[in-house]
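Q: A single structure is presented below for examination.
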Amino acid sequence: MALEKITSITGPAVYVPGNDIDTDRIIPARFMKCIVFDGLGEFLFYDVRKNADGTDRPHPLNEARFKRATILLSGANFGCGSSREHAPQAIQKYGFKAVIAENFAEIFLGNCTTLGLPCATASREDIAKIAAVVAQEPTTDVVIDVVKQEVRFAGQTVKAEVRASARDALIHGRWDPIGELIDGLPAVQTTAAKLPYLAA
Amino acid sequence: MRKSLFEKVWDAHAVRTLANGQTQLLVGTHLIHEVTSPQAFGMLRDLGLQVAMPHRTFATVDHIVPTDQFAEPYRDPLAQAMMEELRKNCASTGITFFDRASGKQGIVHIVGPEQGITQPGTTIACGDSHTSTHGAFGAIAFGVGTTQIRDVLATQTMALGKLKVRRIEVSGKLLPGVYAKDVILHIIRTLGVNGGTGFAYEYAGELFDRFTMEERMTVCNMSIEGGARAGYVNPDETTFAYLQGRPYSPKAAQWDAAVANWQSFASDPGCHYDDVVKIAAADIAPTVTWGINPGQAIAINESIPDAAKTNVVDEKASIEEALAYMKLTPGAPIKGTKIDVAFLGSCTNGRLSDFQEVARFLKGRKVAGGVKAIAVPGSQIVALQCIAQGIDKVFSEAGFEWREAGCSMCLAMNPDKLIGDQLCASSSNRNFKGRQGSPTGRTILMSPLMVAAAAVTGSIADAREVFAVN
Ligand code: SF4
């Protein structure tokens, strides 16, 4: 399976401030009553974006000037909570192509990588710098360079780390591991045969 | 070389190293449920792939099932559709499905152990974050996303990076009225909600040696809330005694060999740990959350934090955010906070011993006026055991609604939901904003007996006082 080599992502960004933004916040559980992921994008951050009657609440994603953003900026421990892939799926289906945060919850990061959605970590100060530029000039192109592990915007460059295994997978076009896992099937049988509970 | 259980299990299941440096890890047991698996089966069909080891995959239905309606079709057509999709996917691939008709249905993390599917020295994956529960048996159990469910269905493996191991040693004995739930809330409070990032937690020490399997499960269950990808307890006689005679446990002729094999996976004395944390059991009090993540917890006799008392910018902001959402007063005692709902159940505290312990004290007491109290057994088997012991009656007579097995109000994907900004005393594991079904609903996490104390007094209370526990 030939996958796209994801070496960089370029696009406008939007800053959704806050630490410990959990997967229930990203996609409330009631929207998980589905058997396909299509259509999840519109429910991204639903309960913080909408009032009970469906009207908009103040939220960066509701601002017209950020509607075209493809890079999501946030705080620490982004994506904590549930293992639901509905969260990265909602982010991707909404139109985001990458996330920059101070750090990410484990399962969330793994889920994103498998979808080809790079998660880059930057310092709080640097995220604030990007956010400040974006707030002033929402059309600014922000470039996440996965290879060089940096973010460039409005003539500035800051460091942005991508976890080694994720970075390798993204830039070599093997972020979806299924092909490689299938190649390993003969070896799987050998390993399984050595385990009494599987051999039985 | 001396190795920890984590390393032994990892090494025994490592198939090969992948190009990006991750390991292709064999998943011995795959558990699935209706919420996260249908899309994975869809991906499998799109790719034209088969289920590699259907006999090592087990399914149940838990999140969406109504707890007040047994017969299908369910009132909620989406819930019915998810139920049918799982049934169809299992039937067409030869996967065992513990549906309601089997009498073995329940929350996936309760069913696995109950059936003897969860065993020491194994790897387990499930598209559910609380899969860490199974670590109580000395298994390495990972919660995974839907694409990884696809990977496991198709290859019985997944790509994973190795974790570090932190040993958390709890010495001594718990004081009366203090439970396993308080232990894990205390650990998360101490180490932080992301303190476990990159780690598997090994729970050890006198306290865990004495703990029952159900207590160990309660602790391992919430490892993920502390940021750890997995949590486990080394297998011992308690583990083996629990497993003996269960439907999927090794039969008599294989039993001794199985036990010897299981024992060989326990961490070697003196093996290397990346970190060691020591806690004294006597320092742990009945603990309740006050905020919007499980680490925002205090002992029942402490006051609600005050943002004005800290100079750490982050802490200030998160206290303010949490208290604004929870509508609690900074500096006030948490004790006495009025509740609207009491929820007893979930994969953290929906097992027989949880209901037994509460019933012991609840007998003859009444739920306070205006409080909606529901008791939801974690599985059909737990429900039957409770009924056989008359526990359901104790609950109904006290004014609890006694329900059918499922996840229920833990995340409210079924009809059990908070309304508006109702405040719920809950034995579940997450107090995130909107977790229990209402975008403004509020959750305070605590042990089952503390939920009962809140139910009978109508407010957050110290169960030791309410029930004269000593
Ligand atoms: S009881 Fe709650 S935490 Fe456990 S599996 Fe069900 S929804 Fe998830």
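Note on naming: chains are A, B, ... as they come in the structure tokens, residues start from 1 per chain, ligands start from 1 in the order shown.
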Pull the strand (DSSP E) assignments for stretch 96-193 of chain A out of DSSP run on the backbone, and list those residues as number ranges by chain.

A: A: 98-101, 119-121, 142-145, 150-153, 156-159

Q: Kindly export the residues of the current selection with N, CA, C and O atoms, as a JSON list (two decimals), in the first residue's frame.

A:
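Saved result, again31.json, follows:
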[["chain", "number", "residue", "atom", "x", "y", "z"],
["A", 98, "ALA", "N", -2.97, 18.75, 10.91],
["A", 98, "ALA", "CA", -1.92, 18.56, 11.92],
["A", 98, "ALA", "C", -2.34, 19.27, 13.21],
["A", 98, "ALA", "O", -3.20, 20.16, 13.20],
["A", 99, "VAL", "N", -1.71, 18.84, 14.31],
["A", 99, "VAL", "CA", -1.98, 19.47, 15.61],
["A", 99, "VAL", "C", -0.65, 19.84, 16.23],
["A", 99, "VAL", "O", 0.31, 19.06, 16.19],
["A", 100, "ILE", "N", -0.58, 21.04, 16.80],
["A", 100, "ILE", "CA", 0.59, 21.44, 17.58],
["A", 100, "ILE", "C", 0.11, 21.68, 19.02],
["A", 100, "ILE", "O", -0.85, 22.41, 19.23],
["A", 101, "ALA", "N", 0.76, 21.03, 19.97],
["A", 101, "ALA", "CA", 0.40, 21.24, 21.37],
["A", 101, "ALA", "C", 1.67, 21.12, 22.21],
["A", 101, "ALA", "O", 2.71, 20.72, 21.71],
["A", 119, "CYS", "N", 1.34, 15.08, 14.95],
["A", 119, "CYS", "CA", 1.22, 15.79, 16.22],
["A", 119, "CYS", "C", 2.60, 16.32, 16.56],
["A", 119, "CYS", "O", 3.52, 15.54, 16.78],
["A", 120, "ALA", "N", 2.75, 17.64, 16.60],
["A", 120, "ALA", "CA", 4.04, 18.24, 16.91],
["A", 120, "ALA", "C", 3.97, 18.89, 18.27],
["A", 120, "ALA", "O", 2.97, 19.51, 18.61],
["A", 121, "THR", "N", 5.03, 18.74, 19.06],
["A", 121, "THR", "CA", 5.04, 19.40, 20.36],
["A", 121, "THR", "C", 5.97, 20.61, 20.31],
["A", 121, "THR", "O", 7.08, 20.54, 19.79],
["A", 142, "VAL", "N", 1.18, 28.71, 8.18],
["A", 142, "VAL", "CA", 2.05, 28.10, 9.19],
["A", 142, "VAL", "C", 2.58, 26.81, 8.57],
["A", 142, "VAL", "O", 1.81, 26.03, 8.00],
["A", 143, "VAL", "N", 3.88, 26.62, 8.65],
["A", 143, "VAL", "CA", 4.48, 25.42, 8.05],
["A", 143, "VAL", "C", 5.01, 24.53, 9.16],
["A", 143, "VAL", "O", 5.85, 24.95, 9.96],
["A", 144, "ILE", "N", 4.50, 23.30, 9.23],
["A", 144, "ILE", "CA", 5.09, 22.34, 10.16],
["A", 144, "ILE", "C", 6.03, 21.48, 9.34],
["A", 144, "ILE", "O", 5.60, 20.73, 8.47],
["A", 145, "ASP", "N", 7.31, 21.62, 9.60],
["A", 145, "ASP", "CA", 8.30, 20.84, 8.87],
["A", 145, "ASP", "C", 8.61, 19.59, 9.70],
["A", 145, "ASP", "O", 9.28, 19.66, 10.72],
["A", 150, "GLU", "N", 10.53, 21.68, 12.88],
["A", 150, "GLU", "CA", 10.37, 23.09, 13.21],
["A", 150, "GLU", "C", 9.08, 23.62, 12.62],
["A", 150, "GLU", "O", 8.49, 23.01, 11.72],
["A", 151, "VAL", "N", 8.63, 24.73, 13.18],
["A", 151, "VAL", "CA", 7.45, 25.40, 12.65],
["A", 151, "VAL", "C", 7.90, 26.77, 12.16],
["A", 151, "VAL", "O", 8.59, 27.49, 12.86],
["A", 152, "ARG", "N", 7.51, 27.11, 10.93],
["A", 152, "ARG", "CA", 7.85, 28.41, 10.38],
["A", 152, "ARG", "C", 6.56, 29.20, 10.13],
["A", 152, "ARG", "O", 5.57, 28.66, 9.66],
["A", 153, "PHE", "N", 6.60, 30.47, 10.50],
["A", 153, "PHE", "CA", 5.42, 31.32, 10.31],
["A", 153, "PHE", "C", 5.88, 32.76, 10.32],
["A", 153, "PHE", "O", 6.73, 33.13, 11.12],
["A", 156, "GLN", "N", 9.32, 33.71, 11.21],
["A", 156, "GLN", "CA", 9.91, 33.15, 12.43],
["A", 156, "GLN", "C", 10.02, 31.64, 12.32],
["A", 156, "GLN", "O", 9.28, 31.00, 11.59],
["A", 157, "THR", "N", 10.96, 31.09, 13.07],
["A", 157, "THR", "CA", 11.10, 29.63, 13.12],
["A", 157, "THR", "C", 11.21, 29.20, 14.57],
["A", 157, "THR", "O", 11.99, 29.77, 15.34],
["A", 158, "VAL", "N", 10.40, 28.21, 14.97],
["A", 158, "VAL", "CA", 10.52, 27.68, 16.33],
["A", 158, "VAL", "C", 10.66, 26.16, 16.26],
["A", 158, "VAL", "O", 10.31, 25.54, 15.27],
["A", 159, "LYS", "N", 11.18, 25.60, 17.33],
["A", 159, "LYS", "CA", 11.36, 24.15, 17.37],
["A", 159, "LYS", "C", 10.03, 23.43, 17.60],
["A", 159, "LYS", "O", 9.20, 23.88, 18.38]]

Q: What are the closest atom pairs, with distances in Å to one decimal, for each residue of chain B lying within 7 Å of ligand 1, using only C-alpha atoms and all ligand atoms, rows by chain and rising residue number, as a Markdown table?

A:
| residue | atom | partner | partner_atom_place_in_ligand_line | distance |
| --- | --- | --- | --- | --- |
| B:Asp62 | CA | ligand 1 | 6 (Fe) | 6.5 |
| B:His63 | CA | ligand 1 | 6 (Fe) | 5.5 |
| B:Ile107 | CA | ligand 1 | 6 (Fe) | 5.9 |
| B:Val108 | CA | ligand 1 | 5 (S) | 6.5 |
| B:His109 | CA | ligand 1 | 5 (S) | 6.6 |
| B:Asp128 | CA | ligand 1 | 5 (S) | 6.5 |
| B:His130 | CA | ligand 1 | 3 (S) | 5.9 |
| B:Ser346 | CA | ligand 1 | 1 (S) | 3.7 |
| B:Cys347 | CA | ligand 1 | 4 (Fe) | 4.2 |
| B:Thr348 | CA | ligand 1 | 4 (Fe) | 6.6 |
| B:Cys407 | CA | ligand 1 | 6 (Fe) | 4.1 |
| B:Cys410 | CA | ligand 1 | 2 (Fe) | 4.4 |
| B:Leu411 | CA | ligand 1 | 7 (S) | 5.0 |
| B:Ser428 | CA | ligand 1 | 2 (Fe) | 6.5 |
| B:Asn429 | CA | ligand 1 | 3 (S) | 6.2 |

Q: Mind dumping the selected residues with C-alpha atoms as an mmCIF file, in the first residue's frame?

A:
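Okay, again20.cif is ready:
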data_model
loop_
_atom_site.group_PDB
_atom_site.id
_atom_site.type_symbol
_atom_site.label_atom_id
_atom_site.label_comp_id
_atom_site.auth_asym_id
_atom_site.auth_seq_id
_atom_site.Cartn_x
_atom_site.Cartn_y
_atom_site.Cartn_z
ATOM 1 C CA ASP B 62 -22.033 -2.659 27.008
ATOM 2 C CA HIS B 63 -21.936 1.051 26.220
ATOM 3 C CA ILE B 107 -18.987 -4.419 30.588
ATOM 4 C CA VAL B 108 -16.092 -5.784 28.556
ATOM 5 C CA HIS B 109 -13.611 -5.309 31.440
ATOM 6 C CA ASP B 128 -11.420 0.968 25.099
ATOM 7 C CA HIS B 130 -9.976 1.068 30.541
ATOM 8 C CA SER B 346 -19.074 0.971 35.870
ATOM 9 C CA CYS B 347 -15.993 -1.109 35.060
ATOM 10 C CA THR B 348 -14.236 0.532 38.017
ATOM 11 C CA CYS B 407 -21.945 0.971 31.279
ATOM 12 C CA CYS B 410 -20.566 6.181 33.329
ATOM 13 C CA LEU B 411 -20.632 7.825 29.926
ATOM 14 C CA SER B 428 -17.167 5.566 37.821
ATOM 15 C CA ASN B 429 -13.770 6.753 36.582
#

Q: Please compute the atom CA of A:Pro12-atom CA of A:Ile130 distance, one decimal, in Å.

A: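 For atom CA of A:Pro12 relative to atom CA of A:Ile130, the distance reads 10.7 Å.
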
Q: Select from chain B every residue with an atom at most 8 Å from any atom of chain A, then for each give the shortest pair of atoms and their distance in Å to one decimal, using only C-alpha atoms, rows by chain and rising number, as CSV.

A:
residue,atom,partner,partner_atom,distance
B:Ala12,CA,A:Thr191,CA,7.6
B:His13,CA,A:Thr191,CA,6.6
B:Ala14,CA,A:Thr191,CA,7.5
B:Val15,CA,A:Val188,CA,5.8
B:Arg16,CA,A:Ala187,CA,7.6
B:Leu18,CA,A:Glu180,CA,7.4
B:Asn20,CA,A:Ser165,CA,5.2
B:Gly21,CA,A:Ser165,CA,6.1
B:Gln22,CA,A:Ser165,CA,6.6
B:Gln24,CA,A:Leu181,CA,6.9
B:Leu26,CA,A:Val188,CA,6.8
B:Gly28,CA,A:Leu198,CA,6.8
B:Val35,CA,A:Lys33,CA,7.0
B:Thr36,CA,A:Arg84,CA,7.0
B:Pro38,CA,A:Ile35,CA,5.3
B:Gln39,CA,A:Val36,CA,5.3
B:Gly42,CA,A:Val36,CA,7.7
B:Leu78,CA,A:Lys33,CA,6.2
B:Ala79,CA,A:Lys33,CA,6.8
B:Met82,CA,A:Ile35,CA,6.5
B:Glu85,CA,A:Ile35,CA,7.8
B:Gly127,CA,A:Ser83,CA,6.8
B:Asp128,CA,A:Ser83,CA,5.6
B:Ser129,CA,A:Ser83,CA,4.8
B:Gly143,CA,A:Ser83,CA,6.2
B:Val144,CA,A:Ser83,CA,5.8
B:Gly145,CA,A:Glu85,CA,4.9
B:Thr146,CA,A:Glu85,CA,5.7
B:Thr147,CA,A:Thr114,CA,7.2
B:Gln148,CA,A:Asn111,CA,8.0
B:Asp151,CA,A:Ile178,CA,6.0
B:Ala154,CA,A:Ile182,CA,7.7
B:Thr155,CA,A:Ile182,CA,6.2
B:Thr157,CA,A:Leu181,CA,7.1
B:Met158,CA,A:Leu181,CA,7.2
B:Ala159,CA,A:Pro177,CA,6.9
B:Gly161,CA,A:Ser165,CA,8.0
B:Asn194,CA,A:Asn77,CA,7.0
B:Thr197,CA,A:Glu106,CA,6.6
B:Gly198,CA,A:Glu106,CA,7.2
B:Ile224,CA,A:Gly81,CA,7.6
B:Glu225,CA,A:Gly81,CA,6.8
B:Gly227,CA,A:Ala105,CA,7.1
B:Arg229,CA,A:Glu106,CA,7.1
B:Ser318,CA,A:Asn19,CA,7.8
B:Leu411,CA,A:Ala29,CA,6.9
B:Ala412,CA,A:Arg30,CA,7.5
B:Met413,CA,A:Arg30,CA,5.5
B:Phe432,CA,A:Asp24,CA,7.0
B:Lys433,CA,A:Arg25,CA,7.0
B:Gly434,CA,A:Pro28,CA,7.3
B:Arg435,CA,A:Asp24,CA,6.6
B:Gly437,CA,A:Arg30,CA,7.3
B:Pro439,CA,A:Asp47,CA,5.9

Q: Would you mind listing what lies within 8 Å of A:Tyr94 as an MDAnalysis selection string, with only C-alpha atoms counted and same-chain residues fewer than 5 positions away left out?

A: chainID A and resid 40:42 44

Q: Store the residues picked out above, limited to N, CA, C and O atoms, as a PDB file, in the first residue's frame.

A:
ATOM      1  N   LEU A  40     -18.394  13.003  11.389  1.00  0.00           N
ATOM      2  CA  LEU A  40     -18.013  13.353  12.765  1.00  0.00           C
ATOM      3  C   LEU A  40     -17.479  14.779  12.875  1.00  0.00           C
ATOM      4  O   LEU A  40     -17.559  15.393  13.921  1.00  0.00           O
ATOM      5  N   GLY A  41     -16.907  15.293  11.756  1.00  0.00           N
ATOM      6  CA  GLY A  41     -16.262  16.604  11.774  1.00  0.00           C
ATOM      7  C   GLY A  41     -17.154  17.702  12.322  1.00  0.00           C
ATOM      8  O   GLY A  41     -16.709  18.563  13.078  1.00  0.00           O
ATOM      9  N   GLU A  42     -18.428  17.656  11.975  1.00  0.00           N
ATOM     10  CA  GLU A  42     -19.293  18.757  12.402  1.00  0.00           C
ATOM     11  C   GLU A  42     -19.543  18.754  13.913  1.00  0.00           C
ATOM     12  O   GLU A  42     -20.041  19.724  14.464  1.00  0.00           O
ATOM     13  N   LEU A  44     -17.106  18.245  16.149  1.00  0.00           N
ATOM     14  CA  LEU A  44     -15.853  18.538  16.843  1.00  0.00           C
ATOM     15  C   LEU A  44     -16.076  19.645  17.891  1.00  0.00           C
ATOM     16  O   LEU A  44     -16.649  20.687  17.558  1.00  0.00           O
TER      17      LEU A  44
END

Q: Of the candidates B:Gly345, B:Glu206, B:Gly370, B:Leu160, which one gets nearest to B:Thr17 if we count only C-alpha atoms?

A: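 Closest to B:Thr17 of all the choices is B:Leu160.
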
Q: One decimal, in Å: what's the spacing between atom CA of B:Ala463 and atom CA of B:Leu449?

A: 6.3 Å

Q: Among stretch 87-334 of chain B, which residues carry a DSSP assignment of helix (DSSP H, G or I), reported as an MDAnalysis selection string?

A: chainID B and resid 87:93 100:102 108:115 129:137 146:155 180:191 206:210 213:226 237:243 252:263 281:283 307:309 313:326

Q: What does the structure give for the distance between atom CA of B:Ile184 and atom CA of B:Tyr201, in Å to one decimal?

A: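 Computed distance, atom CA of B:Ile184 to atom CA of B:Tyr201, equals 11.5 Å.
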
Q: Show me, as a tab-separated table (two decimals) with N, CA, C and O atoms, in the first residue's frame, the residues that have an atom within 8 Å of B:Gln380 when counting only C-alpha atoms, minus same-chain residues fewer than 2 positions from it.

A:
chain	number	residue	atom	x	y	z
B	100	ARG	N	-26.73	-10.49	25.21
B	100	ARG	CA	-27.59	-10.59	26.38
B	100	ARG	C	-28.24	-11.97	26.51
B	100	ARG	O	-28.44	-12.46	27.61
B	103	GLY	N	-26.50	-14.65	28.64
B	103	GLY	CA	-26.45	-14.55	30.10
B	103	GLY	C	-25.07	-14.15	30.60
B	103	GLY	O	-24.82	-14.10	31.80
B	104	LYS	N	-24.15	-13.87	29.70
B	104	LYS	CA	-22.77	-13.54	30.09
B	104	LYS	C	-22.40	-12.13	29.68
B	104	LYS	O	-21.24	-11.74	29.75
B	105	GLN	N	-23.38	-11.36	29.23
B	105	GLN	CA	-23.10	-10.01	28.74
B	105	GLN	C	-22.73	-9.11	29.91
B	105	GLN	O	-23.11	-9.35	31.07
B	106	GLY	N	-21.98	-8.09	29.61
B	106	GLY	CA	-21.64	-7.11	30.63
B	106	GLY	C	-20.56	-6.19	30.11
B	106	GLY	O	-20.19	-6.25	28.94
B	377	PRO	N	-25.37	-3.23	37.94
B	377	PRO	CA	-24.34	-4.27	37.98
B	377	PRO	C	-23.53	-4.27	36.68
B	377	PRO	O	-24.06	-3.98	35.61
B	378	GLY	N	-22.26	-4.60	36.80
B	378	GLY	CA	-21.36	-4.54	35.64
B	378	GLY	C	-21.56	-5.65	34.65
B	378	GLY	O	-21.10	-5.56	33.51
B	382	VAL	N	-22.82	-10.67	37.54
B	382	VAL	CA	-22.82	-9.89	38.79
B	382	VAL	C	-24.25	-9.67	39.25
B	382	VAL	O	-24.58	-9.84	40.44
B	383	ALA	N	-25.14	-9.35	38.30
B	383	ALA	CA	-26.55	-9.12	38.65
B	383	ALA	C	-27.15	-10.36	39.30
B	383	ALA	O	-27.79	-10.27	40.36
B	384	LEU	N	-26.92	-11.52	38.68
B	384	LEU	CA	-27.47	-12.77	39.22
B	384	LEU	C	-26.93	-13.07	40.61
B	384	LEU	O	-27.67	-13.50	41.50
B	404	GLU	N	-30.39	-3.31	34.80
B	404	GLU	CA	-29.73	-4.37	34.03
B	404	GLU	C	-28.27	-3.96	33.77
B	404	GLU	O	-27.93	-2.78	33.80
B	405	ALA	N	-27.44	-4.94	33.44
B	405	ALA	CA	-26.00	-4.71	33.29
B	405	ALA	C	-25.63	-3.83	32.10
B	405	ALA	O	-26.21	-3.95	31.02
